[in-house]
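Visitor: Data: coords13.cif, mmCIF, C-alpha atoms.
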```cif
data_input
loop_
_atom_site.label_atom_id
_atom_site.label_comp_id
_atom_site.auth_asym_id
_atom_site.auth_seq_id
_atom_site.Cartn_x
_atom_site.Cartn_y
_atom_site.Cartn_z
CA MET L 20 23.39 89.43 -21.68
CA THR L 21 20.74 87.79 -23.85
CA GLU L 22 18.02 89.67 -25.68
CA LEU L 23 15.56 88.62 -22.98
CA GLU L 24 17.68 90.32 -20.32
CA ILE L 25 18.22 93.66 -22.04
CA ALA L 26 15.85 96.36 -20.88
CA THR L 27 15.08 99.37 -23.10
CA PRO L 28 15.64 102.81 -21.53
CA SER L 29 12.48 104.42 -20.20
CA GLY L 30 10.61 106.45 -22.76
CA ALA L 31 11.57 104.35 -25.80
CA ARG L 32 8.93 101.67 -26.40
CA LYS L 33 9.60 98.87 -28.87
CA THR L 34 6.91 97.22 -30.95
CA LEU L 35 6.03 93.73 -29.80
CA PRO L 36 8.38 91.00 -31.10
CA ARG L 37 7.31 89.36 -34.34
CA LEU L 38 8.07 86.09 -36.10
CA GLY L 39 8.98 85.88 -39.78
CA ASN L 40 5.32 85.38 -40.69
CA GLY L 41 4.30 88.49 -38.78
CA ASP L 42 2.75 86.67 -35.85
CA LEU L 43 3.69 87.54 -32.28
CA GLY L 44 7.06 86.16 -31.22
CA ILE L 45 6.34 85.94 -27.50
CA ARG L 46 6.75 82.20 -26.98
CA PRO L 47 10.38 82.47 -25.73
CA PHE L 48 9.22 84.87 -23.04
CA MET L 49 6.48 82.50 -21.91
CA VAL L 50 8.97 79.61 -21.87
CA ARG L 51 11.22 81.62 -19.57
CA ILE L 52 8.31 82.39 -17.23
CA MET L 53 7.35 78.73 -17.11
CA GLN L 54 10.98 77.67 -16.61
CA GLU L 55 11.03 79.75 -13.45
CA ARG L 56 7.77 78.13 -12.30
CA TYR L 57 9.13 74.68 -13.11
CA ASN L 58 12.30 75.34 -11.10
CA VAL L 59 10.30 76.48 -8.06
CA ILE L 60 7.97 73.46 -8.16
CA ALA L 61 10.90 71.06 -8.62
CA VAL L 62 12.46 72.36 -5.40
CA ASN L 63 9.21 72.53 -3.41
CA PRO L 64 6.32 70.45 -4.87
CA SER L 65 4.05 71.44 -1.96
CA LEU L 66 3.67 74.84 -3.67
CA ILE L 67 1.36 73.17 -6.19
CA GLN L 68 -1.36 73.32 -3.54
CA SER L 69 -0.10 76.01 -1.16
CA TYR L 70 0.69 78.56 -3.91
CA PRO L 71 -1.33 77.64 -7.00
CA TRP L 72 -1.39 79.89 -10.05
CA PRO L 73 -4.52 80.68 -12.07
CA THR L 74 -3.91 80.55 -15.82
CA THR L 75 -4.09 84.34 -15.80
CA LYS L 76 -0.87 84.54 -13.75
CA PRO L 77 1.60 83.62 -16.57
CA TYR L 78 -0.21 86.10 -18.84
CA TYR L 79 0.23 88.96 -16.39
CA ASN L 80 3.82 87.90 -15.74
CA LEU L 81 4.34 88.07 -19.50
CA ARG L 82 2.95 91.62 -19.65
CA LYS L 83 5.20 92.65 -16.78
CA MET L 84 8.29 91.09 -18.42
CA LEU L 85 7.59 92.68 -21.82
CA ASP L 86 6.97 96.05 -20.21
CA HIS L 87 10.25 95.79 -18.26
CA LEU L 88 12.10 94.94 -21.47
CA GLY L 89 10.75 98.06 -23.13
CA TYR L 90 8.01 96.64 -25.33
CA ASN L 91 4.76 98.51 -25.86
CA ILE L 92 2.28 96.21 -24.14
CA ASP L 93 -0.59 98.51 -25.20
CA GLU L 94 0.30 98.29 -28.89
CA THR L 95 -2.81 98.11 -31.07
CA TYR L 96 -3.56 96.54 -34.43
CA PRO L 97 -2.79 98.97 -37.30
CA PRO L 98 -5.39 100.67 -39.52
CA GLY L 99 -6.73 98.33 -42.15
CA HIS L 100 -6.48 95.27 -39.92
CA LYS L 101 -9.81 93.63 -39.07
CA LEU L 102 -9.07 94.32 -35.39
CA ALA L 103 -7.74 97.83 -35.98
CA GLY L 104 -7.47 99.85 -32.77
CA LYS L 105 -7.73 96.87 -30.41
CA VAL L 106 -4.89 96.03 -28.03
CA ILE L 107 -2.90 93.12 -29.47
CA LEU L 108 -1.98 91.36 -26.22
CA ALA L 109 -5.53 91.66 -24.87
CA GLU L 110 -6.96 90.13 -28.05
CA ARG L 111 -4.40 87.29 -27.95
CA ARG L 112 -4.89 86.64 -24.26
CA PRO L 113 -7.22 83.60 -24.61
CA TYR L 114 -4.63 81.89 -26.83
CA ILE L 115 -1.66 82.88 -24.64
CA GLN L 116 -3.13 81.63 -21.34
CA GLY L 117 -4.88 78.73 -23.05
CA LYS L 118 -3.37 76.76 -25.90
CA MET L 119 0.13 78.33 -25.79
CA LEU L 120 0.47 77.81 -22.04
CA THR L 121 -0.70 74.20 -22.24
CA GLU L 122 1.64 73.39 -25.14
CA ILE L 123 4.65 74.91 -23.37
CA CYS L 124 3.95 72.88 -20.22
CA GLU L 125 3.61 69.64 -22.16
CA LYS L 126 6.24 70.07 -24.89
CA GLU L 127 8.93 72.02 -23.05
CA PHE L 128 8.62 70.39 -19.62
CA GLY L 129 6.77 67.14 -20.27
CA MET L 130 4.15 67.96 -17.64
CA LYS L 131 0.45 68.69 -17.55
CA ARG L 132 -0.42 72.23 -16.56
CA HIS L 133 -1.89 71.18 -13.21
CA GLU L 134 1.34 69.32 -12.40
CA LEU L 135 2.99 72.75 -12.34
CA GLY L 136 0.29 74.04 -10.02
CA ILE L 137 -1.52 76.09 -12.67
CA PHE L 138 -5.29 75.82 -12.65
CA VAL L 139 -8.14 77.22 -14.70
CA ASP L 140 -10.54 79.54 -12.93
CA GLU L 141 -13.75 77.97 -14.18
CA ARG L 142 -17.40 78.31 -13.27
CA THR L 143 -18.69 74.82 -13.92
CA GLN L 144 -21.51 73.89 -11.56
CA PHE L 145 -22.15 70.29 -10.52
CA VAL L 146 -25.85 69.88 -9.71
CA TYR L 147 -26.95 66.63 -8.07
CA ARG L 148 -29.83 65.63 -5.80
CA GLY L 149 -30.86 69.24 -5.20
CA GLU L 150 -27.38 70.48 -4.32
CA SER L 151 -25.00 72.57 -6.41
CA GLN L 152 -21.25 73.08 -6.12
CA SER L 153 -18.51 74.53 -8.29
CA VAL L 154 -16.00 72.15 -9.87
CA GLY L 155 -12.31 72.74 -9.24
CA PHE L 156 -9.40 70.48 -10.09
CA TYR L 157 -9.27 68.93 -6.62
CA ASP L 158 -13.03 68.21 -6.66
CA ILE L 159 -12.89 65.88 -9.65
CA ASP L 160 -11.93 62.63 -7.92
CA SER L 161 -14.69 62.96 -5.33
CA LEU L 162 -17.39 63.95 -7.83
CA ILE L 163 -16.82 61.19 -10.40
CA ASN L 164 -18.39 58.67 -8.03
CA LYS L 165 -21.77 60.38 -7.90
CA GLY L 166 -24.67 59.61 -10.18
CA THR L 167 -25.49 57.07 -12.86
CA ASP L 168 -25.82 59.64 -15.66
CA PHE L 169 -24.11 62.96 -16.40
CA ILE L 170 -25.67 65.54 -18.68
CA LEU L 171 -23.19 68.18 -19.83
CA CYS L 172 -25.14 71.37 -20.62
CA GLU L 173 -23.81 74.14 -22.82
CA LYS L 174 -26.29 76.65 -21.38
CA ALA L 175 -26.65 77.61 -17.73
CA TYR L 176 -30.31 78.34 -18.35
CA ALA L 177 -30.96 74.70 -19.24
CA VAL L 178 -29.93 73.48 -15.78
CA LYS L 179 -31.93 75.69 -13.43
CA PRO L 180 -35.49 74.79 -14.53
CA ILE L 181 -34.87 71.03 -14.82
CA ALA L 182 -32.63 70.55 -11.76
CA PRO L 183 -35.58 69.97 -9.35
CA LEU L 184 -37.06 67.43 -11.77
CA ALA L 185 -33.76 65.54 -12.06
CA SER L 186 -33.24 65.48 -8.29
CA PRO L 187 -35.09 62.17 -7.56
CA TYR L 188 -32.96 60.32 -10.11
CA GLY L 189 -29.24 59.59 -10.35
CA ILE L 190 -28.75 62.38 -12.89
CA VAL L 191 -25.93 64.89 -12.56
CA LEU L 192 -26.36 68.16 -14.43
CA LEU L 193 -23.15 69.99 -15.34
CA GLU L 194 -23.66 73.66 -16.09
CA CYS L 195 -20.81 75.00 -18.23
CA GLY L 196 -22.18 78.33 -19.42
CA GLY L 197 -21.12 78.62 -23.06
CA ASN L 198 -18.44 75.98 -23.58
CA PHE L 199 -17.31 72.62 -22.28
CA VAL L 200 -14.52 73.86 -20.08
CA GLU L 201 -11.51 71.86 -19.00
CA TYR L 202 -12.48 70.54 -15.59
CA ALA L 203 -15.96 69.56 -16.79
CA ARG L 204 -14.31 67.55 -19.56
CA MET L 205 -11.84 65.92 -17.17
CA LEU L 206 -14.64 65.04 -14.76
CA CYS L 207 -16.85 63.49 -17.44
CA GLU L 208 -14.01 61.60 -19.07
CA LYS L 209 -13.08 59.98 -15.75
CA ALA L 210 -16.74 59.24 -15.01
CA VAL L 211 -17.09 57.44 -18.36
CA ARG L 212 -14.17 55.19 -17.46
CA ARG L 213 -15.93 54.04 -14.29
CA GLY L 214 -19.10 53.25 -16.28
CA CYS L 215 -21.11 56.48 -16.09
CA ASN L 216 -23.41 57.44 -18.98
CA VAL L 217 -22.59 60.92 -20.34
CA GLY L 218 -24.87 62.92 -22.61
CA ILE L 219 -24.24 66.35 -24.14
CA LEU L 220 -26.89 69.03 -24.53
CA THR L 221 -26.19 72.03 -26.78
CA ASP L 222 -27.88 74.52 -29.05
CA PHE L 223 -28.53 73.15 -32.52
CA ASP L 224 -26.04 75.30 -34.39
CA ILE L 225 -22.69 74.75 -36.05
CA SER L 226 -20.87 75.74 -32.84
CA GLY L 227 -22.67 73.04 -30.85
CA ILE L 228 -21.95 70.40 -33.50
CA ALA L 229 -18.26 71.39 -33.73
CA MET L 230 -17.85 71.17 -29.95
CA CYS L 231 -19.46 67.74 -29.76
CA ILE L 232 -17.42 66.29 -32.63
CA ASN L 233 -14.34 66.94 -30.51
CA ILE L 234 -15.72 64.93 -27.58
CA PRO L 235 -15.44 61.17 -28.35
CA TRP L 236 -16.43 59.88 -24.91
CA ALA L 237 -20.00 61.20 -24.77
CA THR L 238 -23.26 61.05 -26.71
CA ARG L 239 -24.99 64.14 -28.08
CA ILE L 240 -28.61 63.92 -26.91
CA GLY L 241 -29.92 67.17 -28.40
CA ILE L 242 -31.10 69.46 -29.38
CA ASP L 243 -31.88 69.12 -33.08
CA GLU L 244 -34.82 69.13 -35.45
CA ARG L 245 -36.03 65.79 -34.12
CA THR L 246 -36.12 67.20 -30.61
CA ILE L 247 -38.74 69.80 -31.40
CA TYR L 248 -40.96 67.19 -33.05
CA ASP L 249 -40.49 64.69 -30.21
CA LEU L 250 -41.58 67.44 -27.84
CA GLY L 251 -44.71 68.00 -29.91
CA LEU L 252 -44.14 71.70 -30.51
CA THR L 253 -46.71 73.42 -32.72
CA GLU L 254 -45.81 75.12 -36.00
CA LYS L 255 -46.06 78.47 -34.24
CA GLN L 256 -43.68 77.30 -31.50
CA ILE L 257 -41.25 75.88 -34.04
CA LYS L 258 -41.05 79.30 -35.71
CA ILE L 259 -40.30 80.81 -32.30
CA VAL L 260 -37.43 78.42 -31.44
CA GLN L 261 -35.81 78.69 -34.89
CA GLU L 262 -33.77 81.73 -35.82
CA ARG L 263 -31.62 82.83 -38.71
CA TYR L 264 -27.91 83.34 -38.10
CA ASN L 265 -24.56 83.44 -39.85
CA ALA L 266 -22.83 80.10 -39.28
CA ASP L 267 -19.17 80.48 -38.38
CA PRO L 268 -17.23 79.60 -41.56
CA GLY L 269 -14.28 78.17 -39.63
CA GLN L 270 -16.47 75.82 -37.60
CA MET L 271 -18.44 74.75 -40.65
CA LYS L 272 -15.17 74.02 -42.49
CA PHE L 273 -13.89 71.96 -39.54
CA VAL L 274 -17.08 69.84 -39.42
CA ILE L 275 -17.11 69.23 -43.18
CA GLU L 276 -13.41 68.36 -43.26
CA THR L 277 -13.89 65.93 -40.38
CA LEU L 278 -16.72 64.17 -42.22
CA ASN L 279 -14.63 64.03 -45.39
CA LYS L 280 -11.71 62.47 -43.50
CA TYR L 281 -14.01 59.82 -42.13
CA ASN L 282 -15.52 59.07 -45.54
CA SER L 283 -12.05 58.62 -47.00
CA LYS L 284 -11.42 55.69 -44.65
CA LYS L 285 -12.47 52.24 -45.78
CA GLY L 286 -15.23 50.55 -43.81
CA TRP L 287 -17.29 51.63 -40.86
CA ILE L 288 -15.15 51.07 -37.79
CA ASP L 289 -16.35 50.92 -34.22
CA GLY L 290 -14.91 52.82 -31.29
CA PRO L 291 -13.38 56.31 -31.15
CA LEU L 292 -11.92 57.71 -34.33
CA ASP L 293 -8.21 58.42 -34.15
CA TRP L 294 -6.61 59.48 -37.40
CA SER L 295 -2.85 59.30 -36.79
CA GLY L 296 -2.55 62.28 -34.51
CA GLU L 297 -5.14 64.39 -36.32
CA GLY L 298 -7.47 64.13 -33.34
CA THR L 299 -10.00 61.84 -31.74
CA TYR L 300 -13.58 62.50 -32.75
CA ASN L 301 -17.11 61.53 -31.81
CA LEU L 302 -17.79 58.56 -34.07
CA GLU L 303 -21.49 58.38 -33.28
CA LEU L 304 -22.08 62.01 -34.27
CA VAL L 305 -19.92 61.72 -37.41
CA LYS L 306 -21.87 58.64 -38.51
CA SER L 307 -25.18 60.34 -37.80
CA LEU L 308 -24.31 63.40 -39.88
CA ASN L 309 -23.12 61.22 -42.76
CA LEU L 310 -26.16 58.93 -42.69
CA ASP L 311 -28.33 62.06 -42.72
CA GLN L 312 -26.62 62.94 -46.03
CA ARG L 313 -25.43 66.10 -44.27
CA ARG L 314 -28.92 67.60 -44.44
CA ALA L 315 -28.38 68.94 -40.94
CA LEU L 316 -25.37 70.95 -42.10
CA ARG L 317 -27.40 72.54 -44.90
CA TYR L 318 -29.99 73.50 -42.27
CA LEU L 319 -27.32 74.86 -39.94
CA ALA L 320 -25.79 77.02 -42.65
CA GLU L 321 -28.66 79.47 -42.16
CA LEU L 322 -30.82 78.35 -39.22
CA ARG L 323 -30.24 77.43 -35.60
CA ILE L 324 -32.41 76.26 -32.69
CA GLU L 325 -31.75 77.86 -29.32
CA LEU L 326 -31.89 75.49 -26.35
CA ASP L 327 -33.28 78.22 -24.08
CA HIS L 328 -36.23 78.84 -26.40
CA VAL L 329 -37.05 75.13 -26.64
CA ILE L 330 -37.28 74.83 -22.84
CA ASP L 331 -39.43 77.96 -22.70
CA GLU L 332 -41.87 76.65 -25.29
CA ALA L 333 -42.00 73.02 -24.14
CA GLY L 334 -41.92 73.79 -20.42
CA PRO L 335 -39.44 72.27 -17.93
CA GLU L 336 -41.56 69.16 -17.16
CA ARG L 337 -42.04 68.11 -20.78
CA PHE L 338 -38.43 68.91 -21.65
CA PHE L 339 -37.09 66.89 -18.71
CA GLN L 340 -39.24 63.90 -19.66
CA TYR L 341 -37.74 64.12 -23.16
CA LEU L 342 -34.20 64.15 -21.66
CA LYS L 343 -35.00 61.25 -19.33
CA LYS L 344 -36.41 59.08 -22.13
CA THR L 345 -33.52 59.98 -24.45
CA MET L 346 -30.94 58.94 -21.84
CA GLU L 347 -32.87 55.71 -21.19
CA ASP L 348 -33.00 54.93 -24.92
CA ARG L 349 -29.33 55.71 -25.54
CA PHE L 350 -27.98 54.01 -22.41
CA ARG L 351 -29.52 50.72 -21.26
CA ASP L 352 -27.21 49.96 -18.32
CA ARG L 353 -26.75 51.83 -15.04
CA ASP L 354 -24.73 51.16 -11.90
CA TYR L 355 -26.81 52.35 -8.97
CA ASN L 356 -23.98 51.65 -6.55
CA TYR L 357 -22.83 55.18 -7.43
CA THR L 358 -26.09 56.84 -6.46
CA VAL L 359 -27.74 54.69 -3.74
CA GLU L 360 -25.96 55.56 -0.51
CA SER L 361 -24.73 52.75 1.72
CA ALA L 362 -26.90 51.98 4.73
CA THR L 363 -25.75 53.49 8.01
CA VAL L 364 -25.94 51.70 11.36
CA ASP L 365 -28.66 54.10 12.48
CA GLU L 366 -30.78 53.23 9.43
CA ILE L 367 -30.63 49.45 9.92
CA ARG L 368 -30.92 49.41 13.71
CA PRO L 369 -33.87 47.18 14.78
CA PRO L 370 -36.95 49.09 16.03
CA THR L 371 -36.48 48.02 19.66
CA ALA L 372 -32.88 49.24 19.67
CA LYS L 373 -33.98 52.50 18.01
CA GLU L 374 -36.60 52.99 20.72
CA PHE L 375 -34.02 52.43 23.48
CA VAL L 376 -31.60 54.99 21.98
CA ALA L 377 -34.43 57.51 21.50
CA LYS L 378 -35.59 57.12 25.10
CA MET L 379 -32.02 57.53 26.39
CA ASP L 380 -31.62 60.71 24.34
CA LYS L 381 -34.95 62.01 25.67
CA LEU L 382 -33.89 61.25 29.27
CA LEU L 383 -30.62 63.16 28.85
CA LEU L 384 -32.30 66.16 27.23
CA GLN L 385 -34.77 66.37 30.14
CA ILE L 386 -32.06 66.58 32.84
CA PRO L 387 -33.01 69.66 34.93
CA ALA L 388 -29.45 70.98 35.22
CA LEU L 389 -28.73 70.76 31.49
CA GLN L 390 -30.47 73.94 30.30
CA PRO L 391 -28.95 76.16 33.04
CA ALA L 392 -25.52 74.77 32.11
CA LEU L 393 -26.09 75.60 28.44
CA THR L 394 -27.19 79.15 29.35
CA GLU L 395 -24.11 79.65 31.53
CA ILE L 396 -21.77 78.47 28.75
CA SER L 397 -23.56 80.63 26.16
CA ASN L 398 -23.12 83.72 28.35
CA GLU L 399 -19.43 82.93 28.77
CA HIS L 400 -19.01 82.66 25.01
CA ARG L 401 -20.86 85.93 24.45
CA ASN L 402 -18.70 87.87 26.92
CA ASP L 403 -15.32 86.20 26.33
CA ILE L 404 -12.40 88.60 26.73
CA ASP L 405 -9.52 86.16 26.28
CA GLY L 406 -8.86 87.07 22.65
CA LEU L 407 -8.92 84.75 19.65
CA GLN L 408 -9.04 81.07 20.63
CA PRO L 409 -9.26 77.83 18.59
CA ILE L 410 -12.95 77.09 17.95
CA ASP L 411 -12.55 73.31 18.26
CA GLU L 412 -11.03 73.68 21.73
CA ILE L 413 -13.87 75.93 22.88
CA ARG L 414 -16.45 73.45 21.59
CA GLN L 415 -14.72 70.46 23.20
CA ASP L 416 -14.69 72.30 26.53
CA MET L 417 -18.43 72.90 26.17
CA LEU L 418 -19.10 69.21 25.44
CA ASP L 419 -16.98 68.05 28.39
CA ARG L 420 -18.88 70.31 30.78
CA LEU L 421 -22.29 69.19 29.47
CA ILE L 422 -21.35 65.50 29.73
CA GLU L 423 -20.19 66.09 33.29
CA THR L 424 -23.53 67.75 34.06
CA GLU L 425 -25.40 64.72 32.69
CA GLU L 426 -23.28 62.23 34.63
CA GLU L 427 -24.02 64.12 37.88
CA ASP L 428 -27.78 63.75 37.43
CA PRO L 429 -29.24 61.27 40.01
CA LYS L 430 -31.22 59.27 37.44
CA VAL L 431 -28.23 58.95 35.15
CA LYS L 432 -25.99 57.97 38.06
CA ARG L 433 -28.31 55.05 38.88
CA LEU L 434 -28.73 54.07 35.22
CA LEU L 435 -25.11 54.00 33.98
CA PRO L 436 -23.88 51.08 36.19
CA LYS L 437 -26.91 49.04 35.08
CA LEU L 438 -26.05 49.70 31.44
CA VAL L 439 -22.46 48.57 31.99
CA LYS L 440 -23.75 45.35 33.63
CA ILE L 441 -26.21 44.66 30.78
CA MET L 442 -23.50 45.16 28.14
CA LYS L 443 -21.26 42.63 29.91
CA GLU L 444 -24.10 40.11 30.29
CA LEU L 445 -24.93 40.41 26.60
CA GLY L 446 -21.29 39.98 25.63
CA LEU L 447 -21.26 43.12 23.49
CA PRO L 448 -17.92 43.68 21.69
CA GLU L 449 -15.41 46.05 23.24
CA LEU L 450 -14.66 49.31 21.45
CA THR L 451 -11.17 50.22 20.34
CA ASP L 452 -9.62 53.47 21.54
CA GLU L 453 -10.21 55.03 18.12
CA GLU L 454 -13.88 53.96 18.14
CA LYS L 455 -14.27 55.50 21.59
CA ARG L 456 -12.74 58.78 20.38
CA ASN L 457 -15.23 58.84 17.50
CA LEU L 458 -18.26 58.42 19.74
#
```
For the file at hand, write its structure as structure tokens.
Guide:
Amino acid sequence: MTELEIATPSGARKTLPRLGNGDLGIRPFMVRIMQERYNVIAVNPSLIQSYPWPTTKPYYNLRKMLDHLGYNIDETYPPGHKLAGKVILAERRPYIQGKMLTEICEKEFGMKRHELGIFVDERTQFVYRGESQSVGFYDIDSLINKGTDFILCEKAYAVKPIAPLASPYGIVLLECGGNFVEYARMLCEKAVRRGCNVGILTDFDISGIAMCINIPWATRIGIDERTIYDLGLTEKQIKIVQERYNADPGQMKFVIETLNKYNSKKGWIDGPLDWSGEGTYNLELVKSLNLDQRRALRYLAELRIELDHVIDEAGPERFFQYLKKTMEDRFRDRDYNYTVESATVDEIRPPTAKEFVAKMDKLLLQIPALQPALTEISNEHRNDIDGLQPIDEIRQDMLDRLIETEEEDPKVKRLLPKLVKIMKELGLPELTDEEKRNL
């Protein structure tokens, strides 16, 4: 038996496995869990959709496996550690079900996580033309073809007040609530490839800058110091929207190192930056920070501007007009084929034909026997004792009975043969069987 298969007797709990550097040595266990998932999907690929896993599932399977093997899954960090007293696995959970899981899928099995039927449970909202829907993996391909412009918002609060103002335009607002989560990124990246304009809206702090540097396919449109002046905020309002904070040292280091890498390259290249596997970065933002002589970073070392506060002080109308103008200035071209819906037959029907259809509908609705038939059917539905039945079959039965009622009306009986004769005289095209079924 291998080490992974040996269970410790009940009562004796082992400390969690460690690597030579002291870090958790749980990767082999996760690989085994994912090997089992890979084997199942290889035999029955339909399980990707019929039995999907959230990313939390491998994590909980890991806990269960470690517990079965006798490890102390509630082990805490020791005294003196910066996380002393906190449960180790719980603290490492974001890494385990995030980066570690993704790397195992790609490096061990050569597959993307979703190809193994493992999906992130995200709360991204797609707001367009007054309607809002959550974004799941299987929604992406249908949503990329909506709108001329996407605005990816770090804060949920930024979306709600400006959504009604964006509704008349081809603007999609993506509410991500704190970070640019995976499916929002996938959606925007695909939308860019079909010609959509994508802007990013974040707080003006080192976290917002660090996030945007890692997104090469979009343009950061705010907020920053220029935003508050473009909005015409007063000195009093500027003091309200600014606040002191402690910039995250790790994020500040990442931004500075990224700028230094760029400066070490000869010439100012165009297109996304790709430094031999070190990552692809937002060239436009990197250039902007460098041309600004990094003054923004000195500001962000101690001060930040909260997006929520800016909207509160400027008001939704003024803030939306700023966003609209910024998108227009940054992106000159738009493809309205993705936002102007195709004309339907009903919409382009000549007025005389519309009047004929409307009068026919009015005639049918005024048939004396129609309302009693509807009442009779409604009572049958209310008092049905035949158990659970397919809804579509019940509805089709209702429609068949109502059509029969209409066809038995004296006026309709006289009218229908005349309509058949007129259609033949006019040489109207015959309908296929499928077209008749869709009537």
Visitor: What's the separation between CA of Ile225 in chain L and CA of Gly241 in chain L, in Å to one decimal place?
Guide: 13.0 Å
Visitor: Could you list, as a list in words, every residue within 10 Å of Glu325 in chain L, counting only C-alpha atoms and ignoring same-chain residues fewer than 5 positions away?
Guide: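 Selected residues are Lys174, Thr221, Asp222, Phe223, Asp224, Ile242, Asp243, Ile259, Val260, Gln261, Glu262 and Ile330 of chain L.
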Visitor: At what distance in Å, to one decimal, does CA of Ile234 in chain L lie from CA of Lys179 in chain L?
Guide: 24.1 Å
Visitor: Given the choices L:Val431, L:Leu278, L:Ile52, L:Ala109, which gets closest to Ala229 in chain L if the distance is worked out from all atoms listed in the file?
Guide: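 Once distances to Ala229 in chain L are computed over all atoms listed in the file, the minimum belongs to L:Leu278.
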Visitor: Using the chain letters and numbers from the file, give me the residues hit by the PyMOL selection byres ((chain L and resi 135) around 7), as a list in words.
Guide: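 Expected selection for the PyMOL selection byres ((chain L and resi 135) around 7) here is Tyr57, Ile60, Ile67, Arg132, His133, Glu134, Gly136 and Ile137 of chain L.
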Visitor: L:Pro409, L:Pro47, L:Pro387, L:Gly218: which is nearest Asp348 in chain L, counting all atoms listed in the file?
Guide: L:Gly218
Visitor: Translate the PyMOL selection byres ((chain L and resi 305-307) around 9) into a concrete residue list for this structure, as a ChimeraX atom specification.
Guide: /L:232,274,277-278,281,287,300-304,308-313
Visitor: Using only C-alpha atoms, which of the listed residues (L:Ser65, L:Ser151, L:Asn216, L:Ser397) sits closest to Arg353 in chain L?
Guide: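 Looking only at the distances to Arg353 in chain L, the closest residue turns out to be L:Asn216.
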Visitor: Find the residues near Arg82 in chain L: any atom within 10 Å, counting all atoms listed in the file, skip ones fewer than 2 places away on the same chain, and give them as a PyMOL selection string.
Guide: chain L and resi 48+76-80+84-88+90-93+108-109
Visitor: Give me the result of the PyMOL selection byres ((chain L and resi 172) around 12) on this file, residue by residue, as a PyMOL selection string.
Guide: chain L and resi 143-146+169-171+173-179+181-182+191-200+203-204+207+217-222+227+230-231+239-242+326-327+342
Visitor: What does the distance from CA of Lys118 in chain L to CA of Val139 in chain L come to in Å, to one decimal?
Guide: 12.2 Å
Visitor: Given only C-alpha atoms as the basis, pick out the residue of L:Leu250, L:Ile115, L:Ile163, L:Leu38 nearest to Glu332 in chain L.
Guide: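 Between L:Leu250, L:Ile115, L:Ile163, L:Leu38, the residue approaching Glu332 in chain L most closely is L:Leu250.
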Visitor: I'd like the neighbourhood of Asp365 in chain L as a list in words, where a residue qualifies if any of its atoms comes within 12 Å (using only C-alpha atoms), though same-chain residues fewer than 5 positions away should be ignored.
Guide: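 These residues fall inside the cut-off: Pro370, Ala372, Lys373, Glu374, Val376 and Ala377 of chain L.
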Visitor: Excluding range 389-391 of chain L and any residue of its chain fewer than 6 positions from it, enumerate the residues within 12 Å of it, using only C-alpha atoms, and give them as a list of chain:residue names.
Guide: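 The filter keeps L:Leu382, L:Leu383, L:Ser397, L:Asn398, L:Met417, L:Leu418, L:Arg420, L:Leu421, L:Ile422, L:Glu423, L:Thr424, L:Glu425, L:Glu426, L:Glu427, L:Asp428.
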Visitor: Taking only C-alpha atoms into account, which of L:Met49, L:Thr299, L:Lys430, L:Glu444 comes nearest Met379 in chain L?
Guide: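 The closest residue to Met379 in chain L is L:Lys430.
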Visitor: Contacts of range 266-273 of chain L at 9 Å or less, counting only C-alpha atoms, minus same-chain residues fewer than 6 places along, as a PyMOL selection string?
Guide: chain L and resi 224-226+228-229+316+319-323
Visitor: Just checking: using only C-alpha atoms, which residue out of L:Phe375, L:Arg401, L:Cys124, L:Ser186 ends up closest to Leu438 in chain L?
Guide: L:Phe375
